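Chemist: Sharing coords-v6.csv below, CSV, C-alpha atoms:
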chain,number,residue,atom,x,y,z
A,1,MET,CA,-67.2,-49.0,-107.7
A,2,SER,CA,-67.8,-51.0,-110.8
A,3,SER,CA,-65.0,-52.0,-113.2
A,4,HIS,CA,-66.0,-49.2,-115.5
A,5,ALA,CA,-65.6,-46.6,-112.8
A,6,SER,CA,-62.3,-45.0,-113.9
A,7,PRO,CA,-61.9,-43.7,-117.5
A,8,VAL,CA,-58.7,-44.6,-119.3
A,9,GLY,CA,-55.8,-42.6,-118.0
A,10,GLY,CA,-57.9,-40.7,-115.5
A,11,LEU,CA,-59.4,-38.6,-118.3
A,12,VAL,CA,-62.8,-38.3,-119.9
A,13,THR,CA,-62.8,-40.6,-122.9
A,14,ARG,CA,-64.5,-40.0,-126.3
A,15,HIS,CA,-67.1,-42.8,-125.4
A,16,LEU,CA,-67.9,-41.0,-122.1
A,17,LEU,CA,-68.3,-37.7,-124.0
A,18,TRP,CA,-71.0,-39.4,-126.1
A,19,GLN,CA,-72.6,-40.7,-123.0
A,20,LEU,CA,-72.6,-37.2,-121.5
A,21,GLY,CA,-74.1,-35.8,-124.7
A,22,VAL,CA,-76.9,-38.3,-124.6
A,23,ALA,CA,-77.5,-37.4,-121.0
A,24,LEU,CA,-77.6,-33.7,-121.9
A,25,VAL,CA,-80.2,-34.3,-124.7
A,26,ALA,CA,-82.3,-36.6,-122.4
A,27,ARG,CA,-82.3,-33.9,-119.6
A,28,LEU,CA,-83.3,-31.3,-122.1
A,29,VAL,CA,-86.4,-33.3,-123.0
A,30,LEU,CA,-87.1,-34.0,-119.3
A,31,ASN,CA,-86.7,-30.4,-118.2
A,32,THR,CA,-88.8,-29.1,-121.1
A,33,SER,CA,-91.6,-31.6,-120.2
A,34,ARG,CA,-91.5,-30.5,-116.6
A,35,ARG,CA,-91.4,-26.7,-117.3
A,36,MET,CA,-94.1,-26.9,-120.1
A,37,PRO,CA,-97.2,-26.7,-117.8
A,38,TYR,CA,-95.9,-23.5,-116.1
A,39,THR,CA,-95.7,-21.6,-119.4
A,40,PHE,CA,-98.7,-23.1,-121.2
A,41,ALA,CA,-101.2,-23.7,-118.4
A,42,PRO,CA,-103.8,-21.3,-120.1
A,43,THR,CA,-103.3,-23.2,-123.4
A,44,PHE,CA,-104.0,-26.6,-121.7
A,45,SER,CA,-106.9,-25.1,-119.9
A,46,ARG,CA,-108.5,-23.9,-123.2
A,47,GLY,CA,-107.7,-27.1,-125.0
A,48,LEU,CA,-109.3,-29.3,-122.4
A,49,GLY,CA,-112.2,-27.0,-121.6
A,50,VAL,CA,-111.4,-26.9,-117.9
A,51,PRO,CA,-110.8,-23.9,-115.6
A,52,LEU,CA,-107.2,-22.7,-115.0
A,53,THR,CA,-107.2,-23.7,-111.4
A,54,PRO,CA,-107.2,-27.5,-112.0
A,55,ILE,CA,-104.2,-27.1,-114.4
A,56,THR,CA,-102.2,-25.1,-111.9
A,57,SER,CA,-103.0,-27.8,-109.3
A,58,LEU,CA,-101.2,-30.2,-111.5
A,59,ILE,CA,-98.1,-27.9,-111.4
A,60,ALA,CA,-98.2,-28.2,-107.6
A,61,ILE,CA,-98.3,-32.0,-107.9
A,62,ASN,CA,-95.4,-31.9,-110.3
A,63,GLN,CA,-93.3,-29.9,-107.8
A,64,ALA,CA,-94.4,-32.2,-104.9
A,65,THR,CA,-92.9,-35.2,-106.6
A,66,GLY,CA,-89.5,-33.8,-105.9
A,67,LEU,CA,-90.0,-34.7,-102.2
A,68,LEU,CA,-90.0,-38.4,-103.2
A,69,GLY,CA,-86.4,-38.2,-104.2
A,70,PRO,CA,-85.1,-40.1,-101.1
A,71,VAL,CA,-87.4,-43.0,-102.0
A,72,PHE,CA,-85.6,-43.6,-105.3
A,73,GLY,CA,-82.0,-42.7,-104.4
A,74,PRO,CA,-81.2,-46.0,-102.6
A,75,LEU,CA,-82.8,-47.9,-105.4
A,76,ALA,CA,-80.2,-46.3,-107.8
A,77,ASP,CA,-77.4,-47.4,-105.5
A,78,ARG,CA,-78.9,-51.0,-105.4
A,79,TRP,CA,-80.2,-51.5,-109.0
A,80,GLY,CA,-77.6,-49.5,-110.9
A,81,TYR,CA,-77.7,-46.0,-112.5
A,82,ARG,CA,-78.4,-47.2,-116.0
A,83,PHE,CA,-81.6,-49.0,-114.9
A,84,MET,CA,-82.8,-45.8,-113.2
A,85,LEU,CA,-81.9,-43.7,-116.3
A,86,LEU,CA,-84.0,-46.0,-118.4
A,87,LEU,CA,-86.8,-46.1,-115.9
A,88,GLY,CA,-87.0,-42.3,-115.7
A,89,LEU,CA,-87.1,-41.9,-119.5
A,90,GLY,CA,-89.7,-44.7,-119.7
A,91,LEU,CA,-92.0,-43.0,-117.2
A,92,LEU,CA,-91.7,-39.7,-119.2
A,93,ALA,CA,-92.4,-41.5,-122.5
A,94,VAL,CA,-95.5,-43.2,-121.1
A,95,GLY,CA,-96.8,-40.0,-119.5
A,96,MET,CA,-96.3,-37.8,-122.6
A,97,LEU,CA,-97.8,-40.3,-125.0
A,98,ALA,CA,-100.7,-41.0,-122.8
A,99,GLY,CA,-101.5,-37.3,-122.5
A,100,ALA,CA,-101.3,-37.0,-126.3
A,101,ALA,CA,-103.4,-40.1,-127.1
A,102,PHE,CA,-106.2,-39.5,-124.6
A,103,PRO,CA,-107.1,-35.8,-124.6
A,104,SER,CA,-108.6,-35.6,-121.1
A,105,TYR,CA,-107.8,-33.9,-117.8
A,106,ALA,CA,-107.0,-37.2,-116.2
A,107,ALA,CA,-104.5,-38.1,-119.0
A,108,LEU,CA,-102.8,-34.8,-118.7
A,109,ALA,CA,-102.6,-35.3,-114.9
A,110,VAL,CA,-100.9,-38.6,-115.5
A,111,ALA,CA,-98.5,-36.9,-118.0
A,112,VAL,CA,-97.6,-34.1,-115.6
A,113,THR,CA,-97.2,-36.4,-112.6
A,114,LEU,CA,-95.0,-38.9,-114.5
A,115,ALA,CA,-92.9,-36.0,-115.9
A,116,GLY,CA,-92.2,-35.0,-112.3
A,117,LEU,CA,-91.4,-38.6,-111.2
A,118,ALA,CA,-89.2,-39.1,-114.3
A,119,LYS,CA,-87.0,-36.2,-113.3
A,120,ILE,CA,-86.5,-37.3,-109.7
A,121,VAL,CA,-85.7,-40.8,-110.9
A,122,PHE,CA,-83.4,-39.7,-113.8
A,123,ASP,CA,-81.5,-36.6,-112.4
A,124,PRO,CA,-79.9,-38.2,-109.2
A,125,ALA,CA,-79.0,-41.3,-111.3
A,126,VAL,CA,-77.3,-39.3,-114.0
A,127,GLN,CA,-75.4,-37.1,-111.5
A,128,ALA,CA,-74.3,-40.2,-109.5
A,129,TYR,CA,-73.3,-41.9,-112.8
A,130,VAL,CA,-71.1,-38.8,-113.6
A,131,GLY,CA,-69.7,-39.0,-110.1
A,132,GLU,CA,-68.7,-42.6,-110.6
A,133,LYS,CA,-67.3,-42.4,-114.1
A,134,VAL,CA,-65.7,-38.9,-114.3
A,135,PRO,CA,-62.5,-38.2,-112.4
A,136,TYR,CA,-62.9,-35.7,-109.6
A,137,HIS,CA,-60.7,-33.1,-111.2
A,138,GLN,CA,-63.1,-33.0,-114.2
A,139,ARG,CA,-66.3,-33.3,-112.3
A,140,GLY,CA,-67.2,-29.6,-112.6
A,141,LEU,CA,-66.8,-29.8,-116.4
A,142,ALA,CA,-69.1,-32.8,-116.7
A,143,ILE,CA,-71.8,-31.6,-114.3
A,144,GLY,CA,-71.7,-28.1,-115.8
A,145,LEU,CA,-72.2,-29.5,-119.3
A,146,ILE,CA,-75.2,-31.7,-118.5
A,147,GLU,CA,-76.7,-28.9,-116.3
A,148,THR,CA,-76.9,-26.6,-119.4
A,149,ALA,CA,-80.0,-28.6,-120.1
A,150,TRP,CA,-81.8,-26.6,-117.4
A,151,ALA,CA,-81.2,-23.2,-119.1
A,152,GLY,CA,-81.6,-24.9,-122.5
A,153,SER,CA,-85.1,-26.0,-121.7
A,154,SER,CA,-86.0,-22.3,-121.0
A,155,LEU,CA,-84.1,-20.8,-124.0
A,156,VAL,CA,-84.7,-23.6,-126.6
A,157,GLY,CA,-87.2,-26.2,-125.4
A,158,ILE,CA,-90.1,-24.0,-124.3
A,159,PRO,CA,-90.0,-21.7,-127.4
A,160,LEU,CA,-90.1,-24.9,-129.6
A,161,VAL,CA,-93.1,-26.2,-127.6
A,162,GLY,CA,-94.8,-22.9,-128.4
A,163,LEU,CA,-94.1,-23.3,-132.1
A,164,LEU,CA,-95.5,-26.9,-132.0
A,165,ILE,CA,-98.6,-25.8,-130.2
A,166,ASP,CA,-99.1,-23.0,-132.8
A,167,TRP,CA,-98.6,-25.6,-135.6
A,168,GLY,CA,-100.5,-28.6,-134.3
A,169,GLY,CA,-102.5,-27.7,-131.2
A,170,TRP,CA,-101.8,-28.4,-127.5
A,171,GLN,CA,-101.3,-32.2,-128.0
A,172,ALA,CA,-98.5,-31.8,-130.5
A,173,PRO,CA,-95.6,-31.2,-128.0
A,174,LEU,CA,-96.8,-34.2,-126.0
A,175,TRP,CA,-96.4,-36.4,-129.0
A,176,ALA,CA,-93.0,-34.8,-129.8
A,177,LEU,CA,-91.6,-35.1,-126.2
A,178,GLY,CA,-92.9,-38.6,-125.8
A,179,GLY,CA,-91.2,-39.6,-129.1
A,180,LEU,CA,-87.9,-38.0,-128.0
A,181,ALA,CA,-88.1,-39.7,-124.6
A,182,LEU,CA,-88.4,-43.1,-126.5
A,183,LEU,CA,-85.5,-42.2,-128.6
A,184,SER,CA,-83.5,-41.3,-125.5
A,185,VAL,CA,-84.3,-44.7,-124.0
A,186,GLY,CA,-82.8,-46.3,-127.1
A,187,LEU,CA,-79.7,-44.1,-127.0
A,188,VAL,CA,-79.1,-44.6,-123.2
A,189,GLY,CA,-79.7,-48.4,-123.6
A,190,ARG,CA,-77.1,-48.6,-126.4
A,191,LEU,CA,-74.4,-46.2,-125.1
A,192,ILE,CA,-74.4,-46.6,-121.3
A,193,PRO,CA,-73.3,-49.9,-120.0
A,194,GLY,CA,-75.0,-51.9,-117.2
A,195,ASP,CA,-73.6,-51.5,-113.8
A,196,HIS,CA,-73.9,-53.2,-110.4
A,197,HIS,CA,-73.0,-51.9,-107.0
A,198,PRO,CA,-71.3,-54.2,-104.5
A,199,HIS,CA,-72.2,-51.8,-101.7
A,200,ALA,CA,-75.8,-53.0,-101.9
A,201,THR,CA,-76.8,-56.0,-99.9
A,202,SER,CA,-79.5,-58.5,-100.7
A,203,GLY,CA,-83.0,-57.5,-99.9
A,204,GLY,CA,-84.6,-54.1,-100.5
A,205,ARG,CA,-85.0,-53.2,-96.8
A,206,ALA,CA,-81.3,-53.9,-96.1
A,207,SER,CA,-80.4,-51.7,-99.1
A,208,TYR,CA,-82.4,-48.8,-97.8
A,209,GLY,CA,-81.1,-49.2,-94.3
A,210,GLN,CA,-77.5,-49.4,-95.5
A,211,ALA,CA,-77.9,-46.3,-97.6
A,212,TRP,CA,-79.5,-44.3,-94.8
A,213,ARG,CA,-77.0,-45.4,-92.2
A,214,ARG,CA,-74.3,-44.0,-94.4
A,215,VAL,CA,-76.1,-40.7,-94.6
A,216,LYS,CA,-76.8,-40.7,-90.8
A,217,ARG,CA,-73.1,-41.3,-90.0
A,218,ARG,CA,-71.9,-38.3,-91.9
A,219,PRO,CA,-72.6,-34.9,-90.3
A,220,ALA,CA,-71.0,-33.3,-93.4
A,221,VAL,CA,-74.0,-34.6,-95.5
A,222,TRP,CA,-76.5,-32.8,-93.3
A,223,GLY,CA,-74.6,-29.5,-93.5
A,224,MET,CA,-74.5,-29.8,-97.3
A,225,LEU,CA,-78.2,-30.7,-97.6
A,226,ALA,CA,-79.0,-27.7,-95.3
A,227,PHE,CA,-77.0,-25.5,-97.7
A,228,THR,CA,-79.1,-26.7,-100.6
A,229,PHE,CA,-82.4,-26.2,-98.7
A,230,LEU,CA,-81.6,-22.7,-97.6
A,231,ALA,CA,-80.0,-21.6,-100.9
A,232,CYS,CA,-83.1,-22.7,-102.9
A,233,LEU,CA,-85.4,-21.1,-100.3
A,234,ALA,CA,-83.6,-17.8,-100.9
A,235,ASN,CA,-83.6,-18.1,-104.7
A,236,ASP,CA,-87.3,-18.9,-105.0
A,237,ALA,CA,-88.2,-16.1,-102.5
A,238,VAL,CA,-86.9,-13.8,-105.2
A,239,PHE,CA,-88.0,-15.8,-108.2
A,240,VAL,CA,-91.7,-15.7,-107.2
A,241,ILE,CA,-91.8,-11.9,-106.8
A,242,TYR,CA,-89.4,-10.6,-109.5
A,243,ALA,CA,-92.2,-10.3,-112.2
A,244,THR,CA,-94.5,-8.5,-109.7
A,245,TRP,CA,-91.6,-6.1,-108.8
A,246,LEU,CA,-90.8,-5.3,-112.5
A,247,GLU,CA,-94.4,-4.9,-113.4
A,248,SER,CA,-95.4,-2.7,-110.5
A,249,GLY,CA,-92.1,-0.8,-110.2
A,250,PHE,CA,-91.4,-0.1,-113.9
A,251,GLY,CA,-94.7,-0.8,-115.7
A,252,LEU,CA,-93.4,-3.7,-117.8
A,253,THR,CA,-95.7,-5.4,-120.2
A,254,VAL,CA,-96.1,-9.1,-120.6
A,255,VAL,CA,-93.8,-9.1,-123.6
A,256,ALA,CA,-91.2,-7.2,-121.7
A,257,LEU,CA,-91.5,-9.6,-118.7
A,258,GLY,CA,-90.9,-12.4,-121.2
A,259,THR,CA,-87.6,-10.7,-122.2
A,260,ALA,CA,-86.6,-10.5,-118.6
A,261,THR,CA,-87.2,-14.2,-118.2
A,262,ILE,CA,-84.9,-14.8,-121.2
A,263,ALA,CA,-82.3,-12.7,-119.4
A,264,ILE,CA,-82.6,-15.1,-116.4
A,265,GLY,CA,-82.2,-18.1,-118.7
A,266,VAL,CA,-79.1,-16.5,-120.2
A,267,ALA,CA,-77.7,-15.9,-116.7
A,268,GLU,CA,-78.3,-19.6,-115.8
A,269,LEU,CA,-76.7,-20.8,-119.0
A,270,THR,CA,-73.7,-18.5,-118.4
A,271,ALA,CA,-73.3,-19.8,-114.9
A,272,GLU,CA,-73.4,-23.4,-116.1
A,273,GLY,CA,-70.8,-22.6,-118.7
A,274,LEU,CA,-68.6,-21.0,-116.0
A,275,VAL,CA,-68.9,-24.1,-113.8
A,276,ALA,CA,-67.9,-26.2,-116.8
A,277,GLY,CA,-64.9,-24.0,-117.7
A,278,LEU,CA,-63.7,-22.7,-114.3
A,279,ALA,CA,-64.9,-24.7,-111.3
A,280,ASP,CA,-62.3,-27.5,-111.7
A,281,ARG,CA,-59.5,-25.0,-112.1
A,282,LEU,CA,-60.6,-23.0,-109.0
A,283,GLY,CA,-61.3,-26.2,-107.1
A,284,LEU,CA,-64.9,-27.3,-106.4
A,285,ARG,CA,-64.7,-26.3,-102.7
A,286,ARG,CA,-63.4,-22.8,-103.5
A,287,ALA,CA,-65.9,-22.3,-106.4
A,288,THR,CA,-68.9,-23.4,-104.3
A,289,THR,CA,-68.1,-21.2,-101.3
A,290,GLY,CA,-67.0,-18.3,-103.4
A,291,GLY,CA,-70.2,-18.5,-105.5
A,292,ALA,CA,-72.3,-18.8,-102.3
A,293,ALA,CA,-70.6,-15.6,-100.8
A,294,LEU,CA,-71.4,-13.7,-104.1
A,295,VAL,CA,-75.0,-14.9,-103.8
A,296,VAL,CA,-75.3,-13.3,-100.3
A,297,LEU,CA,-73.8,-10.0,-101.6
A,298,SER,CA,-76.1,-9.9,-104.7
A,299,TYR,CA,-79.3,-10.4,-102.7
A,300,GLY,CA,-78.1,-7.7,-100.2
A,301,LEU,CA,-77.4,-5.2,-103.0
A,302,LEU,CA,-80.6,-5.9,-105.0
A,303,PRO,CA,-82.7,-3.1,-103.4
A,304,LEU,CA,-80.2,-0.5,-104.7
A,305,ALA,CA,-81.4,-1.4,-108.2
A,306,ALA,CA,-85.0,-0.6,-107.4
A,307,HIS,CA,-85.1,2.9,-109.1
A,308,SER,CA,-83.6,2.0,-112.5
A,309,LEU,CA,-84.9,-0.7,-114.9
A,310,PRO,CA,-81.5,-1.3,-116.5
A,311,LEU,CA,-79.9,-1.7,-113.0
A,312,ALA,CA,-82.8,-4.0,-112.0
A,313,LEU,CA,-82.3,-6.3,-114.9
A,314,VAL,CA,-78.5,-6.4,-114.3
A,315,GLY,CA,-79.2,-7.1,-110.6
A,316,LEU,CA,-81.5,-10.0,-111.4
A,317,PHE,CA,-78.9,-11.3,-113.9
A,318,VAL,CA,-76.2,-11.3,-111.3
A,319,VAL,CA,-78.5,-12.9,-108.7
A,320,PHE,CA,-79.4,-15.8,-110.9
A,321,LEU,CA,-75.9,-16.2,-112.3
A,322,ALA,CA,-74.4,-16.3,-108.8
A,323,PHE,CA,-77.0,-18.7,-107.5
A,324,GLU,CA,-76.8,-21.1,-110.5
A,325,PHE,CA,-73.0,-21.1,-110.4
A,326,SER,CA,-72.8,-21.9,-106.7
A,327,PHE,CA,-75.6,-24.5,-107.0
A,328,VAL,CA,-74.1,-26.4,-109.9
A,329,ALA,CA,-70.6,-26.2,-108.4
A,330,ALA,CA,-72.0,-27.6,-105.2
A,331,MET,CA,-73.8,-30.4,-107.1
A,332,SER,CA,-70.4,-31.3,-108.7
A,333,LEU,CA,-68.8,-31.4,-105.2
A,334,PHE,CA,-71.7,-33.4,-103.6
A,335,THR,CA,-71.2,-36.3,-106.1
A,336,GLU,CA,-68.0,-37.1,-104.1
A,337,VAL,CA,-69.4,-36.8,-100.6
A,338,LEU,CA,-70.9,-40.3,-100.4
A,339,PRO,CA,-69.1,-42.4,-103.0
A,340,ALA,CA,-70.7,-45.6,-101.7
A,341,ALA,CA,-74.2,-44.2,-102.0
A,342,ARG,CA,-74.1,-41.5,-104.6
A,343,GLY,CA,-77.7,-42.1,-105.7
A,344,THR,CA,-79.0,-41.6,-102.2
A,345,MET,CA,-76.9,-38.4,-101.8
A,346,MET,CA,-78.0,-36.8,-105.0
A,347,ALA,CA,-81.6,-37.8,-104.6
A,348,SER,CA,-81.6,-36.3,-101.1
A,349,ASN,CA,-80.0,-33.1,-102.5
A,350,LEU,CA,-82.8,-32.9,-105.1
A,351,ALA,CA,-85.4,-33.4,-102.3
A,352,ALA,CA,-83.8,-30.7,-100.2
A,353,ALA,CA,-83.8,-28.3,-103.2
A,354,GLY,CA,-87.5,-29.0,-103.8
A,355,ALA,CA,-88.4,-28.5,-100.2
A,356,GLY,CA,-86.5,-25.2,-100.1
A,357,ARG,CA,-88.3,-24.0,-103.2
A,358,VAL,CA,-91.7,-24.7,-101.7
A,359,VAL,CA,-90.9,-22.8,-98.5
A,360,GLY,CA,-89.2,-20.0,-100.4
A,361,ALA,CA,-92.2,-19.5,-102.6
A,362,LEU,CA,-94.4,-19.1,-99.5
A,363,VAL,CA,-91.9,-16.9,-97.6
A,364,GLY,CA,-91.2,-14.7,-100.7
A,365,GLY,CA,-94.9,-13.8,-101.1
A,366,VAL,CA,-95.3,-13.0,-97.4
A,367,ALA,CA,-92.1,-10.9,-97.3
A,368,TRP,CA,-93.2,-9.0,-100.4
A,369,LEU,CA,-96.6,-8.1,-98.9
A,370,ALA,CA,-94.9,-7.1,-95.7
A,371,ALA,CA,-91.9,-5.0,-96.8
A,372,GLY,CA,-91.7,-5.1,-100.6
A,373,LEU,CA,-88.3,-5.7,-102.3
A,374,VAL,CA,-86.3,-4.8,-99.3
A,375,GLY,CA,-88.1,-7.4,-97.2
A,376,VAL,CA,-87.6,-10.1,-99.8
A,377,SER,CA,-83.9,-9.2,-100.2
A,378,VAL,CA,-83.3,-9.3,-96.5
A,379,VAL,CA,-84.9,-12.7,-96.2
A,380,ALA,CA,-82.9,-14.0,-99.2
A,381,ALA,CA,-79.6,-12.6,-98.0
A,382,PHE,CA,-80.1,-14.0,-94.5
A,383,ALA,CA,-81.1,-17.4,-95.7
A,384,SER,CA,-78.1,-17.4,-98.1
A,385,ALA,CA,-75.8,-16.4,-95.3
A,386,LEU,CA,-77.1,-19.4,-93.2
A,387,ALA,CA,-76.6,-21.6,-96.3
A,388,LEU,CA,-73.0,-20.5,-96.6
A,389,ALA,CA,-72.4,-21.2,-92.9
A,390,CYS,CA,-73.9,-24.7,-93.2
A,391,LEU,CA,-71.8,-25.4,-96.3
A,392,ILE,CA,-68.5,-24.3,-94.6
A,393,TRP,CA,-69.5,-26.4,-91.5
A,394,GLY,CA,-70.2,-29.4,-93.7
A,395,LEU,CA,-67.0,-29.1,-95.7
A,396,SER,CA,-64.9,-28.8,-92.6
A,397,ARG,CA,-66.2,-32.2,-91.6
A,398,TRP,CA,-65.5,-33.9,-94.9
A,399,ARG,CA,-62.3,-35.2,-96.5
A,400,SER,CA,-62.3,-36.4,-100.1
A,401,LYS,CA,-60.1,-39.3,-100.9
A,402,SER,CA,-60.1,-38.0,-104.5
A,403,THR,CA,-58.6,-34.7,-103.5
A,404,GLY,CA,-56.1,-36.2,-101.0
Once more with this new file: its structure as structure tokens, please.

Modeler:
Amino acid sequence: MSSHASPVGGLVTRHLLWQLGVALVARLVLNTSRRMPYTFAPTFSRGLGVPLTPITSLIAINQATGLLGPVFGPLADRWGYRFMLLLGLGLLAVGMLAGAAFPSYAALAVAVTLAGLAKIVFDPAVQAYVGEKVPYHQRGLAIGLIETAWAGSSLVGIPLVGLLIDWGGWQAPLWALGGLALLSVGLVGRLIPGDHHPHATSGGRASYGQAWRRVKRRPAVWGMLAFTFLACLANDAVFVIYATWLESGFGLTVVALGTATIAIGVAELTAEGLVAGLADRLGLRRATTGGAALVVLSYGLLPLAAHSLPLALVGLFVVFLAFEFSFVAAMSLFTEVLPAARGTMMASNLAAAGAGRVVGALVGGVAWLAAGLVGVSVVAAFASALALACLIWGLSRWRSKSTG
């Protein structure tokens, strides 16, 4: 651990709060950039004069970049978290500004791909940085705060992108996000100090081998990564069908479906706030396992809400609140699992989440066609129960020095 690892007096200092604030803003820009093609694919299609299918293909590429996380994790442990933060934001700035300056499908492909890469470079590095700088007993607070950028991108970032498109056309948000990424580069460069990691050895291959040997030697890590994979599989199985369920079951219009999406964003923001405010008091182990148990229960009870729209919306709210709470609490916990290779651990966690979401999207569609909401709920509840079992197994094989 570097000489800056422990804040004065074991508490989060004012300077560190500024660093967390910059990280929050930067992640808001990153998440908005990554989520933008999902919402505005038809707009980009019309603006470029290409069919919708090529645009949605870019979304698939954007998601697939998450699987490259383990490639970049050991680099963060070797080169330092500040370097990776700047690299991620630099990739985002280049991508967004290229897409804005050259209005072509190829340039947009570069923009979307680099936005995906930027997130997998930046996110594990910022989580690992928090793990190194913030005392364990305040880790839930810090991670919960910076994770509000995920819900914030849905509730604030995407609506602002819509206003920019309405005002200046489809290229306007690319200019804005590229400029904000450059501003974030400057703020990160000024506020976050350089760091080095004595755990890394000379030579890139040795660094990778050393990082992965640490992962391989810890059975607890594999249990926790299995938890992430299965939890995200279950969540996306529900996420990909909820709009179809509400539309077919209750005749919701597009506008009403948009309102339901806002409700999910509010649930995520509430969960992230709860992690920030409660997880450290409860203890990260207890918060994560308790949240995961609530997730299993919420999926299992979801079919009971199938005959009432208010109950359906409440059910979805509880499902996404419980999932986001357990997921963010787990993320806070996982920052302490491999202190000597935090970047590798958090990048692997991000890759496990991405793989789970891909499989969950496929499984959710099949389960819906086969057995409707009941089928999807059974799959989600079963996968979540397996996730909880993997988490408990992993935690039973891990002892944190920070918690004694």

Chemist: Around the point (-69.8, -33.6, -101.0) in the file's coordinates, collect all residues with an atom within 8 Å, using all atoms listed in the file, and return them as a list in words.

Modeler: Ala220, Val221, Met224, Ala330, Met331, Leu333, Phe334, Thr335, Glu336, Val337, Leu338, Leu395 and Trp398 of chain A

Chemist: Record the distance separating atom CA of A:Val295 and atom CA of A:Thr244, expressed in Å with one decimal.

Modeler: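 Taking atom CA of A:Val295 and atom CA of A:Thr244, their separation equals 21.4 Å.
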
Chemist: What does the distance from atom CA of A:Leu191 to atom CA of A:Ala176 come to in Å, to one decimal?

Modeler: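 For atom CA of A:Leu191 relative to atom CA of A:Ala176, the distance reads 22.3 Å.
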
Chemist: Identify, on the basis of all atoms listed in the file, every residue whose closest approach to A:Gln63 does not exceed 10 Å; exclude the query and any residue fewer than 6 positions from it along the same chain; express the result as a ChimeraX atom specification.

Modeler: /A:34,112-113,116-117,354-355,357-358

Chemist: Measuring between only C-alpha atoms, which one of A:Ala125, A:Leu252, A:Gly360, A:Glu147 shows the shortest distance to A:Pro70?

Modeler: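 For A:Pro70, the nearest of the candidates is A:Ala125.
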
Chemist: Looking at all atoms listed in the file, which of A:Val319, A:Ala293, A:Leu282, A:Cys232 is the one that sits closest to A:Ile264?

Modeler: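 That would be A:Val319, the residue with the smallest distance to A:Ile264.
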
Chemist: Which residues, written as a PyMOL selection string, have at least one atom at most 9 Å from stretch 266-272 of chain A, with only C-alpha atoms counted and residues fewer than 2 positions away on the same chain left out?

Modeler: chain A and resi 143-152+155+261-264+274-277+316-326+328-329

Chemist: For A:Ala172, please output as a count of residues only all residues within 12 Å (counting all atoms listed in the file; exclusion window: fewer than 2 positions along the same chain).

Modeler: 25

Chemist: Could you state the separation of atom CA of A:Leu182 and atom CA of A:Leu20 in Å, given to one decimal place?

Modeler: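 Straight-line distance from atom CA of A:Leu182 to atom CA of A:Leu20 works out to 17.6 Å.
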
Chemist: For stretch 128-142 of chain A, work out the shell of residues within 6 Å, counting all atoms listed in the file and skipping chain neighbours fewer than 5 positions away, then give it as a PyMOL selection string.

Modeler: chain A and resi 5-6+275-276+279-280+332+335+342-343

Chemist: Can you write out the residues you just picked, keeping C-alpha atoms, as an mmCIF file, in the coordinates of the input?

Modeler:
data_model
loop_
_atom_site.group_PDB
_atom_site.id
_atom_site.type_symbol
_atom_site.label_atom_id
_atom_site.label_comp_id
_atom_site.auth_asym_id
_atom_site.auth_seq_id
_atom_site.Cartn_x
_atom_site.Cartn_y
_atom_site.Cartn_z
ATOM 1 C CA ALA A 5 -65.600 -46.600 -112.800
ATOM 2 C CA SER A 6 -62.300 -45.000 -113.900
ATOM 3 C CA VAL A 275 -68.900 -24.100 -113.800
ATOM 4 C CA ALA A 276 -67.900 -26.200 -116.800
ATOM 5 C CA ALA A 279 -64.900 -24.700 -111.300
ATOM 6 C CA ASP A 280 -62.300 -27.500 -111.700
ATOM 7 C CA SER A 332 -70.400 -31.300 -108.700
ATOM 8 C CA THR A 335 -71.200 -36.300 -106.100
ATOM 9 C CA ARG A 342 -74.100 -41.500 -104.600
ATOM 10 C CA GLY A 343 -77.700 -42.100 -105.700
#

Chemist: Which protein, DNA or RNA residues are at most 12 Å from (-85.8, -45.5, -116.3) in the file's coordinates when you count all atoms listed in the file, listed as a PyMOL selection string?

Modeler: chain A and resi 26+30+72+75-76+79-94+114-115+117-126+181-182+184-186+188-189

Chemist: I'd like the neighbourhood of stretch 372-386 of chain A as a ChimeraX atom specification, where a residue qualifies if any of its atoms comes within 9 Å (using all atoms listed in the file), though same-chain residues fewer than 6 positions away should be ignored.

Modeler: /A:226-227,230-238,241-242,245,292-293,295-303,306,360,363-366

Chemist: Between A:Thr228, A:Thr253, A:Thr65, A:Asn349, which one has atoms that come closest to A:Ala389, using all atoms listed in the file?

Modeler: A:Thr228

Chemist: Hey, which of A:Gly49, A:Pro193, A:Pro159, A:Pro339 ends up closest to A:Ser104? Count all atoms listed in the file.

Modeler: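 Smallest distance to A:Ser104 is found for A:Gly49.
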
Chemist: Would it be fine to have stretch 291-305 of chain A, with C-alpha atoms, given as a PDB file, in the first residue's frame?

Modeler:
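File out.pdb, as written:
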ATOM      1  CA  GLY A 291     -29.720  -7.873   0.865  1.00  0.00           C
ATOM      2  CA  ALA A 292     -29.102 -11.014  -1.197  1.00  0.00           C
ATOM      3  CA  ALA A 293     -31.667 -12.953   0.871  1.00  0.00           C
ATOM      4  CA  LEU A 294     -34.211 -10.179   0.280  1.00  0.00           C
ATOM      5  CA  VAL A 295     -33.489 -10.413  -3.458  1.00  0.00           C
ATOM      6  CA  VAL A 296     -34.405 -14.119  -3.470  1.00  0.00           C
ATOM      7  CA  LEU A 297     -37.639 -13.371  -1.631  1.00  0.00           C
ATOM      8  CA  SER A 298     -38.575 -10.456  -3.918  1.00  0.00           C
ATOM      9  CA  TYR A 299     -38.166 -12.543  -7.079  1.00  0.00           C
ATOM     10  CA  GLY A 300     -40.182 -15.377  -5.585  1.00  0.00           C
ATOM     11  CA  LEU A 301     -43.079 -13.072  -4.654  1.00  0.00           C
ATOM     12  CA  LEU A 302     -43.139 -11.103  -7.923  1.00  0.00           C
ATOM     13  CA  PRO A 303     -45.822 -13.304  -9.618  1.00  0.00           C
ATOM     14  CA  LEU A 304     -48.244 -12.356  -6.820  1.00  0.00           C
ATOM     15  CA  ALA A 305     -48.207  -8.826  -8.269  1.00  0.00           C
TER      16      ALA A 305
END
